[in-house]
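Undergrad: You'll find entry.tsv just under this line, and it carries TSV, N, CA and C atoms.
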```tsv
chain	number	residue	atom	x	y	z
A	1	MET	N	-93.60	-33.21	0.08
A	1	MET	CA	-93.88	-32.70	1.41
A	1	MET	C	-94.23	-31.21	1.33
A	2	GLY	N	-93.54	-30.49	0.45
A	2	GLY	CA	-93.89	-29.10	0.29
A	2	GLY	C	-92.70	-28.21	0.06
A	3	LYS	N	-92.99	-26.92	-0.11
A	3	LYS	CA	-91.91	-25.96	-0.29
A	3	LYS	C	-92.37	-24.60	0.19
A	4	ILE	N	-91.38	-23.77	0.52
A	4	ILE	CA	-91.65	-22.39	0.89
A	4	ILE	C	-90.67	-21.51	0.13
A	5	THR	N	-91.09	-20.29	-0.11
A	5	THR	CA	-90.21	-19.30	-0.72
A	5	THR	C	-90.17	-18.11	0.23
A	6	VAL	N	-88.95	-17.72	0.60
A	6	VAL	CA	-88.77	-16.61	1.54
A	6	VAL	C	-87.70	-15.67	0.99
A	7	PRO	N	-87.72	-14.42	1.44
A	7	PRO	CA	-86.62	-13.53	1.07
A	7	PRO	C	-85.30	-14.11	1.57
A	8	ALA	N	-84.24	-13.92	0.80
A	8	ALA	CA	-82.91	-14.42	1.18
A	8	ALA	C	-82.32	-13.48	2.22
A	9	GLN	N	-82.87	-13.57	3.42
A	9	GLN	CA	-82.43	-12.73	4.53
A	9	GLN	C	-82.27	-13.60	5.77
A	10	THR	N	-81.18	-13.39	6.47
A	10	THR	CA	-80.88	-14.26	7.62
A	10	THR	C	-81.97	-14.19	8.69
A	11	ASP	N	-82.72	-13.10	8.76
A	11	ASP	CA	-83.78	-13.04	9.77
A	11	ASP	C	-84.96	-13.96	9.44
A	12	ARG	N	-84.91	-14.63	8.29
A	12	ARG	CA	-85.95	-15.60	7.92
A	12	ARG	C	-85.52	-17.03	8.22
A	13	LEU	N	-84.34	-17.20	8.83
A	13	LEU	CA	-83.80	-18.53	9.12
A	13	LEU	C	-84.74	-19.36	9.98
A	14	GLU	N	-85.32	-18.77	11.03
A	14	GLU	CA	-86.20	-19.55	11.91
A	14	GLU	C	-87.38	-20.13	11.16
A	15	GLU	N	-87.92	-19.36	10.23
A	15	GLU	CA	-89.05	-19.83	9.42
A	15	GLU	C	-88.63	-21.05	8.59
A	16	VAL	N	-87.44	-20.98	8.01
A	16	VAL	CA	-86.93	-22.10	7.20
A	16	VAL	C	-86.67	-23.31	8.09
A	17	LEU	N	-86.05	-23.10	9.25
A	17	LEU	CA	-85.77	-24.22	10.16
A	17	LEU	C	-87.06	-24.85	10.68
A	18	ASP	N	-88.06	-24.04	10.96
A	18	ASP	CA	-89.36	-24.59	11.40
A	18	ASP	C	-89.96	-25.47	10.31
A	19	PHE	N	-89.89	-24.99	9.07
A	19	PHE	CA	-90.45	-25.73	7.94
A	19	PHE	C	-89.71	-27.06	7.73
A	20	THR	N	-88.38	-27.02	7.64
A	20	THR	CA	-87.62	-28.25	7.38
A	20	THR	C	-87.65	-29.18	8.60
A	21	GLY	N	-87.60	-28.60	9.80
A	21	GLY	CA	-87.63	-29.42	11.01
A	21	GLY	C	-88.95	-30.15	11.18
A	22	SER	N	-90.04	-29.47	10.87
A	22	SER	CA	-91.36	-30.10	10.96
A	22	SER	C	-91.45	-31.29	10.00
A	23	ALA	N	-90.96	-31.10	8.79
A	23	ALA	CA	-90.98	-32.20	7.81
A	23	ALA	C	-90.10	-33.35	8.28
A	24	ALA	N	-88.92	-33.04	8.79
A	24	ALA	CA	-87.99	-34.09	9.25
A	24	ALA	C	-88.60	-34.86	10.42
A	25	ARG	N	-89.22	-34.15	11.36
A	25	ARG	CA	-89.84	-34.84	12.50
A	25	ARG	C	-90.99	-35.74	12.03
A	26	SER	N	-91.76	-35.26	11.05
A	26	SER	CA	-92.89	-36.07	10.57
A	26	SER	C	-92.42	-37.35	9.89
A	27	MET	N	-91.17	-37.36	9.41
A	27	MET	CA	-90.61	-38.55	8.78
A	27	MET	C	-90.01	-39.50	9.81
A	28	GLY	N	-89.88	-39.05	11.04
A	28	GLY	CA	-89.36	-39.92	12.09
A	28	GLY	C	-87.86	-39.86	12.28
A	29	LEU	N	-87.20	-38.79	11.85
A	29	LEU	CA	-85.77	-38.69	12.10
A	29	LEU	C	-85.53	-38.64	13.61
A	30	ASN	N	-84.45	-39.26	14.05
A	30	ASN	CA	-84.13	-39.23	15.48
A	30	ASN	C	-83.48	-37.88	15.82
A	31	ALA	N	-83.24	-37.65	17.09
A	31	ALA	CA	-82.76	-36.34	17.55
A	31	ALA	C	-81.41	-35.98	16.93
A	32	LYS	N	-80.50	-36.93	16.83
A	32	LYS	CA	-79.18	-36.64	16.26
A	32	LYS	C	-79.31	-36.29	14.77
A	33	GLN	N	-80.11	-37.06	14.05
A	33	GLN	CA	-80.32	-36.78	12.63
A	33	GLN	C	-80.96	-35.41	12.44
A	34	LEU	N	-81.94	-35.10	13.25
A	34	LEU	CA	-82.62	-33.81	13.17
A	34	LEU	C	-81.65	-32.66	13.44
A	35	ASN	N	-80.79	-32.83	14.44
A	35	ASN	CA	-79.79	-31.82	14.75
A	35	ASN	C	-78.84	-31.61	13.56
A	36	ASN	N	-78.38	-32.70	12.96
A	36	ASN	CA	-77.49	-32.61	11.80
A	36	ASN	C	-78.16	-31.88	10.63
A	37	VAL	N	-79.42	-32.19	10.40
A	37	VAL	CA	-80.18	-31.53	9.32
A	37	VAL	C	-80.31	-30.05	9.63
A	38	ASN	N	-80.64	-29.70	10.87
A	38	ASN	CA	-80.80	-28.29	11.24
A	38	ASN	C	-79.50	-27.51	11.03
A	39	ILE	N	-78.37	-28.08	11.41
A	39	ILE	CA	-77.08	-27.40	11.23
A	39	ILE	C	-76.82	-27.19	9.74
A	40	ALA	N	-77.07	-28.21	8.94
A	40	ALA	CA	-76.82	-28.12	7.49
A	40	ALA	C	-77.74	-27.08	6.85
A	41	VAL	N	-79.01	-27.11	7.21
A	41	VAL	CA	-79.98	-26.15	6.65
A	41	VAL	C	-79.57	-24.73	7.02
A	42	GLU	N	-79.19	-24.53	8.27
A	42	GLU	CA	-78.77	-23.19	8.70
A	42	GLU	C	-77.56	-22.72	7.90
A	43	GLU	N	-76.57	-23.57	7.74
A	43	GLU	CA	-75.35	-23.20	7.02
A	43	GLU	C	-75.67	-22.82	5.57
A	44	VAL	N	-76.45	-23.64	4.89
A	44	VAL	CA	-76.78	-23.39	3.48
A	44	VAL	C	-77.60	-22.10	3.35
A	45	PHE	N	-78.64	-21.98	4.17
A	45	PHE	CA	-79.51	-20.80	4.06
A	45	PHE	C	-78.77	-19.51	4.37
A	46	VAL	N	-77.95	-19.51	5.40
A	46	VAL	CA	-77.20	-18.30	5.76
A	46	VAL	C	-76.21	-17.94	4.65
A	47	ASN	N	-75.57	-18.94	4.05
A	47	ASN	CA	-74.65	-18.65	2.94
A	47	ASN	C	-75.38	-18.05	1.75
A	48	ILE	N	-76.52	-18.61	1.40
A	48	ILE	CA	-77.30	-18.04	0.29
A	48	ILE	C	-77.70	-16.61	0.63
A	49	SER	N	-78.20	-16.41	1.85
A	49	SER	CA	-78.64	-15.09	2.27
A	49	SER	C	-77.50	-14.07	2.27
A	50	SER	N	-76.31	-14.54	2.59
A	50	SER	CA	-75.16	-13.63	2.70
A	50	SER	C	-74.46	-13.35	1.38
A	51	TYR	N	-74.49	-14.30	0.45
A	51	TYR	CA	-73.64	-14.17	-0.73
A	51	TYR	C	-74.32	-14.26	-2.09
A	52	ALA	N	-75.52	-14.82	-2.18
A	52	ALA	CA	-76.11	-15.07	-3.50
A	52	ALA	C	-76.52	-13.80	-4.23
A	53	TYR	N	-76.98	-12.83	-3.49
A	53	TYR	CA	-77.53	-11.63	-4.11
A	53	TYR	C	-76.71	-10.40	-3.71
A	54	PRO	N	-75.81	-9.94	-4.58
A	54	PRO	CA	-75.00	-8.76	-4.24
A	54	PRO	C	-75.84	-7.54	-3.87
A	55	SER	N	-77.02	-7.41	-4.46
A	55	SER	CA	-77.89	-6.27	-4.17
A	55	SER	C	-78.58	-6.42	-2.81
A	56	GLY	N	-78.53	-7.64	-2.27
A	56	GLY	CA	-79.21	-7.91	-1.01
A	56	GLY	C	-80.68	-8.24	-1.19
A	57	GLU	N	-81.16	-8.26	-2.43
A	57	GLU	CA	-82.58	-8.53	-2.71
A	57	GLU	C	-82.72	-9.81	-3.52
A	58	GLY	N	-83.45	-10.76	-3.00
A	58	GLY	CA	-83.69	-12.00	-3.72
A	58	GLY	C	-84.45	-12.98	-2.85
A	59	GLU	N	-84.77	-14.11	-3.43
A	59	GLU	CA	-85.55	-15.12	-2.71
A	59	GLU	C	-84.84	-16.47	-2.76
A	60	VAL	N	-85.24	-17.31	-1.82
A	60	VAL	CA	-84.78	-18.70	-1.77
A	60	VAL	C	-86.03	-19.57	-1.65
A	61	THR	N	-86.10	-20.59	-2.47
A	61	THR	CA	-87.15	-21.58	-2.32
A	61	THR	C	-86.53	-22.82	-1.70
A	62	VAL	N	-87.17	-23.31	-0.65
A	62	VAL	CA	-86.70	-24.51	0.04
A	62	VAL	C	-87.79	-25.56	-0.11
A	63	ALA	N	-87.43	-26.67	-0.74
A	63	ALA	CA	-88.38	-27.76	-0.96
A	63	ALA	C	-87.94	-28.98	-0.18
A	64	VAL	N	-88.88	-29.67	0.43
A	64	VAL	CA	-88.59	-30.87	1.22
A	64	VAL	C	-89.41	-32.02	0.66
A	65	SER	N	-88.73	-33.16	0.49
A	65	SER	CA	-89.43	-34.36	0.04
A	65	SER	C	-88.78	-35.59	0.66
A	66	ALA	N	-89.48	-36.71	0.55
A	66	ALA	CA	-88.95	-37.99	1.00
A	66	ALA	C	-88.79	-38.86	-0.22
A	67	ASP	N	-87.65	-39.56	-0.28
A	67	ASP	CA	-87.39	-40.42	-1.43
A	67	ASP	C	-86.68	-41.67	-0.96
A	68	SER	N	-87.38	-42.78	-0.89
A	68	SER	CA	-86.81	-44.09	-0.54
A	68	SER	C	-85.95	-44.02	0.73
A	69	GLY	N	-86.55	-43.56	1.84
A	69	GLY	CA	-85.82	-43.52	3.10
A	69	GLY	C	-84.83	-42.38	3.22
A	70	LYS	N	-84.95	-41.39	2.35
A	70	LYS	CA	-84.08	-40.22	2.39
A	70	LYS	C	-84.92	-38.96	2.54
A	71	LEU	N	-84.47	-38.08	3.40
A	71	LEU	CA	-85.02	-36.73	3.46
A	71	LEU	C	-84.23	-35.92	2.45
A	72	VAL	N	-84.93	-35.26	1.53
A	72	VAL	CA	-84.28	-34.47	0.48
A	72	VAL	C	-84.70	-33.02	0.65
A	73	ILE	N	-83.71	-32.14	0.80
A	73	ILE	CA	-83.99	-30.71	0.94
A	73	ILE	C	-83.26	-30.00	-0.19
A	74	GLU	N	-84.03	-29.24	-0.96
A	74	GLU	CA	-83.48	-28.54	-2.13
A	74	GLU	C	-83.61	-27.03	-1.92
A	75	PHE	N	-82.49	-26.33	-2.12
A	75	PHE	CA	-82.45	-24.88	-2.02
A	75	PHE	C	-82.29	-24.32	-3.43
A	76	VAL	N	-83.18	-23.43	-3.83
A	76	VAL	CA	-83.13	-22.85	-5.17
A	76	VAL	C	-83.10	-21.33	-5.05
A	77	ASP	N	-82.11	-20.72	-5.71
A	77	ASP	CA	-82.05	-19.26	-5.75
A	77	ASP	C	-81.59	-18.84	-7.14
A	78	SER	N	-81.91	-17.61	-7.49
A	78	SER	CA	-81.51	-17.09	-8.81
A	78	SER	C	-80.40	-16.05	-8.66
A	79	GLY	N	-79.60	-16.20	-7.62
A	79	GLY	CA	-78.49	-15.29	-7.38
A	79	GLY	C	-77.28	-15.62	-8.24
A	80	THR	N	-76.15	-15.06	-7.85
A	80	THR	CA	-74.90	-15.28	-8.57
A	80	THR	C	-74.60	-16.77	-8.65
A	81	PRO	N	-74.32	-17.30	-9.84
A	81	PRO	CA	-73.99	-18.73	-9.96
A	81	PRO	C	-72.76	-19.07	-9.09
A	82	PHE	N	-72.92	-20.09	-8.25
A	82	PHE	CA	-71.81	-20.49	-7.38
A	82	PHE	C	-71.99	-21.94	-6.97
A	83	ASP	N	-70.99	-22.75	-7.28
A	83	ASP	CA	-70.99	-24.15	-6.87
A	83	ASP	C	-70.07	-24.30	-5.67
A	84	PRO	N	-70.62	-24.41	-4.47
A	84	PRO	CA	-69.77	-24.51	-3.28
A	84	PRO	C	-69.00	-25.82	-3.19
A	85	LEU	N	-69.39	-26.80	-4.00
A	85	LEU	CA	-68.73	-28.10	-3.94
A	85	LEU	C	-67.41	-28.14	-4.70
A	86	THR	N	-67.11	-27.09	-5.48
A	86	THR	CA	-65.86	-27.08	-6.24
A	86	THR	C	-64.68	-26.66	-5.38
A	87	LYS	N	-64.95	-26.02	-4.25
A	87	LYS	CA	-63.88	-25.60	-3.36
A	87	LYS	C	-63.31	-26.81	-2.64
A	88	ALA	N	-61.99	-26.91	-2.60
A	88	ALA	CA	-61.35	-28.03	-1.90
A	88	ALA	C	-61.70	-27.99	-0.42
A	89	ASP	N	-61.84	-29.16	0.18
A	89	ASP	CA	-62.09	-29.23	1.62
A	89	ASP	C	-60.92	-28.60	2.37
A	90	PRO	N	-61.21	-27.90	3.46
A	90	PRO	CA	-60.12	-27.29	4.22
A	90	PRO	C	-59.26	-28.35	4.89
A	91	ASP	N	-58.00	-28.02	5.10
A	91	ASP	CA	-57.08	-28.92	5.79
A	91	ASP	C	-57.30	-28.73	7.28
A	92	THR	N	-58.09	-29.62	7.87
A	92	THR	CA	-58.44	-29.47	9.28
A	92	THR	C	-57.31	-29.88	10.22
A	93	THR	N	-56.19	-30.34	9.65
A	93	THR	CA	-55.03	-30.64	10.50
A	93	THR	C	-54.27	-29.36	10.83
A	94	LEU	N	-54.53	-28.28	10.08
A	94	LEU	CA	-53.87	-27.00	10.35
A	94	LEU	C	-54.63	-26.25	11.44
A	95	SER	N	-53.93	-25.38	12.13
A	95	SER	CA	-54.60	-24.55	13.13
A	95	SER	C	-55.49	-23.53	12.40
A	96	ALA	N	-56.40	-22.93	13.13
A	96	ALA	CA	-57.29	-21.93	12.53
A	96	ALA	C	-56.51	-20.78	11.93
A	97	ASP	N	-55.39	-20.43	12.55
A	97	ASP	CA	-54.56	-19.33	12.03
A	97	ASP	C	-53.89	-19.69	10.71
A	98	GLU	N	-53.57	-20.96	10.52
A	98	GLU	CA	-52.85	-21.40	9.32
A	98	GLU	C	-53.80	-21.69	8.15
A	99	ARG	N	-55.06	-21.95	8.45
A	99	ARG	CA	-56.02	-22.36	7.44
A	99	ARG	C	-56.51	-21.18	6.62
A	100	GLU	N	-56.84	-21.45	5.35
A	100	GLU	CA	-57.46	-20.42	4.51
A	100	GLU	C	-58.85	-20.11	5.06
A	101	ILE	N	-59.26	-18.87	4.87
A	101	ILE	CA	-60.59	-18.46	5.33
A	101	ILE	C	-61.64	-19.04	4.37
A	102	GLY	N	-62.74	-19.48	4.93
A	102	GLY	CA	-63.85	-19.97	4.12
A	102	GLY	C	-63.79	-21.47	3.88
A	103	GLY	N	-64.93	-22.02	3.52
A	103	GLY	CA	-65.00	-23.43	3.16
A	103	GLY	C	-65.36	-24.37	4.29
A	104	LEU	N	-65.28	-23.91	5.54
A	104	LEU	CA	-65.60	-24.81	6.65
A	104	LEU	C	-67.08	-25.16	6.69
A	105	GLY	N	-67.93	-24.21	6.34
A	105	GLY	CA	-69.37	-24.45	6.41
A	105	GLY	C	-69.84	-25.55	5.48
A	106	ILE	N	-69.45	-25.47	4.21
A	106	ILE	CA	-69.89	-26.50	3.26
A	106	ILE	C	-69.21	-27.84	3.57
A	107	PHE	N	-67.99	-27.79	4.11
A	107	PHE	CA	-67.30	-29.00	4.56
A	107	PHE	C	-68.13	-29.67	5.66
A	108	MET	N	-68.63	-28.88	6.59
A	108	MET	CA	-69.45	-29.40	7.67
A	108	MET	C	-70.75	-29.99	7.11
A	109	VAL	N	-71.37	-29.30	6.17
A	109	VAL	CA	-72.60	-29.80	5.55
A	109	VAL	C	-72.33	-31.16	4.91
A	110	LYS	N	-71.22	-31.28	4.18
A	110	LYS	CA	-70.89	-32.56	3.52
A	110	LYS	C	-70.66	-33.67	4.54
A	111	LYS	N	-70.11	-33.34	5.70
A	111	LYS	CA	-69.87	-34.35	6.74
A	111	LYS	C	-71.16	-34.77	7.44
A	112	LEU	N	-72.09	-33.82	7.63
A	112	LEU	CA	-73.32	-34.10	8.36
A	112	LEU	C	-74.39	-34.79	7.52
A	113	MET	N	-74.36	-34.55	6.22
A	113	MET	CA	-75.39	-35.10	5.33
A	113	MET	C	-74.84	-36.31	4.59
A	114	ASP	N	-75.73	-37.12	4.03
A	114	ASP	CA	-75.31	-38.32	3.30
A	114	ASP	C	-75.00	-38.04	1.85
A	115	ASN	N	-75.57	-36.97	1.31
A	115	ASN	CA	-75.28	-36.59	-0.07
A	115	ASN	C	-75.54	-35.09	-0.22
A	116	VAL	N	-74.64	-34.43	-0.95
A	116	VAL	CA	-74.81	-33.00	-1.24
A	116	VAL	C	-74.49	-32.84	-2.72
A	117	SER	N	-75.39	-32.19	-3.46
A	117	SER	CA	-75.14	-31.99	-4.89
A	117	SER	C	-75.55	-30.58	-5.30
A	118	TYR	N	-74.97	-30.13	-6.40
A	118	TYR	CA	-75.23	-28.78	-6.90
A	118	TYR	C	-75.40	-28.85	-8.41
A	119	LYS	N	-76.31	-28.01	-8.91
A	119	LYS	CA	-76.37	-27.79	-10.35
A	119	LYS	C	-76.87	-26.38	-10.59
A	120	PHE	N	-76.49	-25.83	-11.74
A	120	PHE	CA	-76.99	-24.54	-12.18
A	120	PHE	C	-77.85	-24.83	-13.39
A	121	ASP	N	-79.14	-24.52	-13.27
A	121	ASP	CA	-80.08	-24.88	-14.32
A	121	ASP	C	-81.08	-23.76	-14.53
A	122	ASN	N	-81.23	-23.34	-15.77
A	122	ASN	CA	-82.23	-22.34	-16.12
A	122	ASN	C	-82.08	-21.06	-15.28
A	123	GLY	N	-80.83	-20.65	-15.08
A	123	GLY	CA	-80.57	-19.42	-14.33
A	123	GLY	C	-80.69	-19.54	-12.83
A	124	GLU	N	-80.72	-20.78	-12.33
A	124	GLU	CA	-80.89	-20.97	-10.89
A	124	GLU	C	-79.82	-21.88	-10.30
A	125	ASN	N	-79.35	-21.50	-9.10
A	125	ASN	CA	-78.51	-22.37	-8.29
A	125	ASN	C	-79.44	-23.36	-7.59
A	126	ILE	N	-79.10	-24.64	-7.68
A	126	ILE	CA	-79.91	-25.66	-7.01
A	126	ILE	C	-78.96	-26.53	-6.18
A	127	LEU	N	-79.03	-26.38	-4.87
A	127	LEU	CA	-78.21	-27.17	-3.95
A	127	LEU	C	-79.13	-28.14	-3.24
A	128	THR	N	-78.81	-29.41	-3.31
A	128	THR	CA	-79.64	-30.45	-2.71
A	128	THR	C	-78.84	-31.18	-1.64
A	129	ILE	N	-79.46	-31.32	-0.46
A	129	ILE	CA	-78.84	-32.09	0.62
A	129	ILE	C	-79.78	-33.24	0.96
A	130	GLU	N	-79.18	-34.39	1.27
A	130	GLU	CA	-79.98	-35.58	1.57
A	130	GLU	C	-79.49	-36.23	2.86
A	131	LYS	N	-80.44	-36.71	3.64
A	131	LYS	CA	-80.13	-37.45	4.85
A	131	LYS	C	-80.92	-38.74	4.86
A	132	ILE	N	-80.20	-39.86	4.91
A	132	ILE	CA	-80.86	-41.16	5.06
A	132	ILE	C	-81.34	-41.24	6.50
A	133	TYR	N	-82.57	-41.61	6.68
A	133	TYR	CA	-83.09	-41.62	8.04
A	133	TYR	C	-83.56	-42.99	8.48
A	134	GLU	N	-83.45	-43.17	9.76
A	134	GLU	CA	-83.94	-44.38	10.42
A	134	GLU	C	-84.98	-43.93	11.42
A	135	HIS	N	-86.09	-44.60	11.42
A	135	HIS	CA	-87.14	-44.22	12.36
A	135	HIS	C	-86.68	-44.52	13.78
A	136	GLU	N	-87.07	-43.65	14.69
A	136	GLU	CA	-86.73	-43.84	16.10
A	136	GLU	C	-87.52	-45.03	16.63
A	137	SER	N	-86.82	-45.85	17.42
A	137	SER	CA	-87.55	-47.00	17.98
A	137	SER	C	-87.82	-46.83	19.44
```
Show this structure as structure tokens.
TA:
Amino acid sequence: MGKITVPAQTDRLEEVLDFTGSAARSMGLNAKQLNNVNIAVEEVFVNISSYAYPSGEGEVTVAVSADSGKLVIEFVDSGTPFDPLTKADPDTTLSADEREIGGLGIFMVKKLMDNVSYKFDNGENILTIEKIYEHES
């Protein structure tokens, strides 16, 4: 479907959401699925923009493809190596005051998407999110 590369800056979020949303709509995702994808894309992109590059300078490539009824979105950055999937899921039975800070965003991404995977390859963080889609009838 394509890919874009943008500076890892939160003010570029709308551009990324427009790109991924357009691809998702062209595949026929329904409104709920599209909303879930948008929330996940926003969470991943903002985290990369906020934490991947300590200097504040870097890029993110976002690639979108379709694979056997799945929307696949891949985020690639060359920032600090970090696997967000290694952090234990937060205990959502605790109040916000009792809970450890952090981890809610990736937890939400894992709940909204059908598959989330990470690998560090050739000096790059590669986070892939997948959503199985059903065409709207």
Undergrad: In Å, with one decimal, what is the gap from atom CA of A:Val46 to atom CA of A:Lys3?
TA: 17.7 Å
Undergrad: When you draw a straight line from atom C of A:Gly123 to atom C of A:Gly105, how long is it in Å?
TA: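 Distance between the two atoms: 22.1 Å.
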Undergrad: Would you please extract all strand (DSSP E or B) residues from chain A, as assigned by DSSP on the backbone, and give them as number ranges by chain?
TA: A: 2-7, 59-66, 70-77, 115-121, 124-132
Undergrad: Can you list, as JSON, numbers by chain, every protein, DNA or RNA residue that comes within 12 Å of A:Val72 when you count only C-alpha atoms, leaving out same-chain residues fewer than 5 positions away?
TA: {"A": [1, 2, 3, 20, 23, 24, 27, 37, 41, 62, 63, 64, 65, 66, 67, 113, 114, 115, 116, 117, 127, 128, 129, 130, 131, 132, 133]}
Undergrad: As an exercise, work out the distance from atom C of A:Ala40 to atom N of A:Lys111 in Å and give it to one decimal place.
TA: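 Atom-to-atom, atom C of A:Ala40 to atom N of A:Lys111, that is 9.9 Å.
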Undergrad: Select, from A:Ile126, A:Leu13, A:Val109, A:Ile4, the residue with the minimum atom-to-atom distance to A:Val76, counting all atoms listed in the file.
TA: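 Comparing A:Ile126, A:Leu13, A:Val109, A:Ile4 against A:Val76, the winner is A:Ile126.
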Undergrad: Name the residues in contact with A:Thr10 at a cut-off of 10 Å, using only C-alpha atoms, excluding same-chain residues fewer than 2 positions from it; report them as a list in words.
TA: Pro7, Ala8, Arg12, Leu13, Glu14, Val16, Glu42, Phe45, Val46, Asn47, Ile48, Ser49 and Ser50 of chain A
Undergrad: Show me the residues close to (-73.1, -13.7, -2.9) - anything with an atom within 12 Å, counting only C-alpha atoms - and format the list as number ranges by chain.
TA: A: 8-9, 45-58, 77-84, 125
Undergrad: Skipping near chain neighbours, those fewer than 5 positions away, what residues fall within 8 Å of A:Ile39 using only N, CA and C atoms, listed as JSON, numbers by chain?
TA: {"A": [33, 34, 44, 45, 108, 109, 112]}
Undergrad: Of the candidates A:Asn38, A:Asn122, A:Thr61, A:Ser68, which one gets nearest to A:Leu17 if we count only C-alpha atoms?
TA: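 Selected residue with least distance to A:Leu17: A:Asn38.
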Undergrad: Enumerate the residues of chain A with a DSSP assignment of helix (DSSP H, G or I), computed from the backbone, and present them as JSON, numbers by chain.
TA: {"A": [10, 11, 12, 13, 14, 15, 16, 17, 18, 19, 20, 21, 22, 23, 24, 25, 26, 27, 31, 32, 33, 34, 35, 36, 37, 38, 39, 40, 41, 42, 43, 44, 45, 46, 47, 48, 49, 50, 51, 84, 85, 86, 104, 105, 106, 107, 108, 109, 110, 111, 112]}
Undergrad: Which residue is closest to A:Lys110? Choose from A:Asn30, A:Phe75, A:Glu59, A:Leu85 and count only C-alpha atoms.
TA: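 Comparing A:Asn30, A:Phe75, A:Glu59, A:Leu85 against A:Lys110, the winner is A:Leu85.
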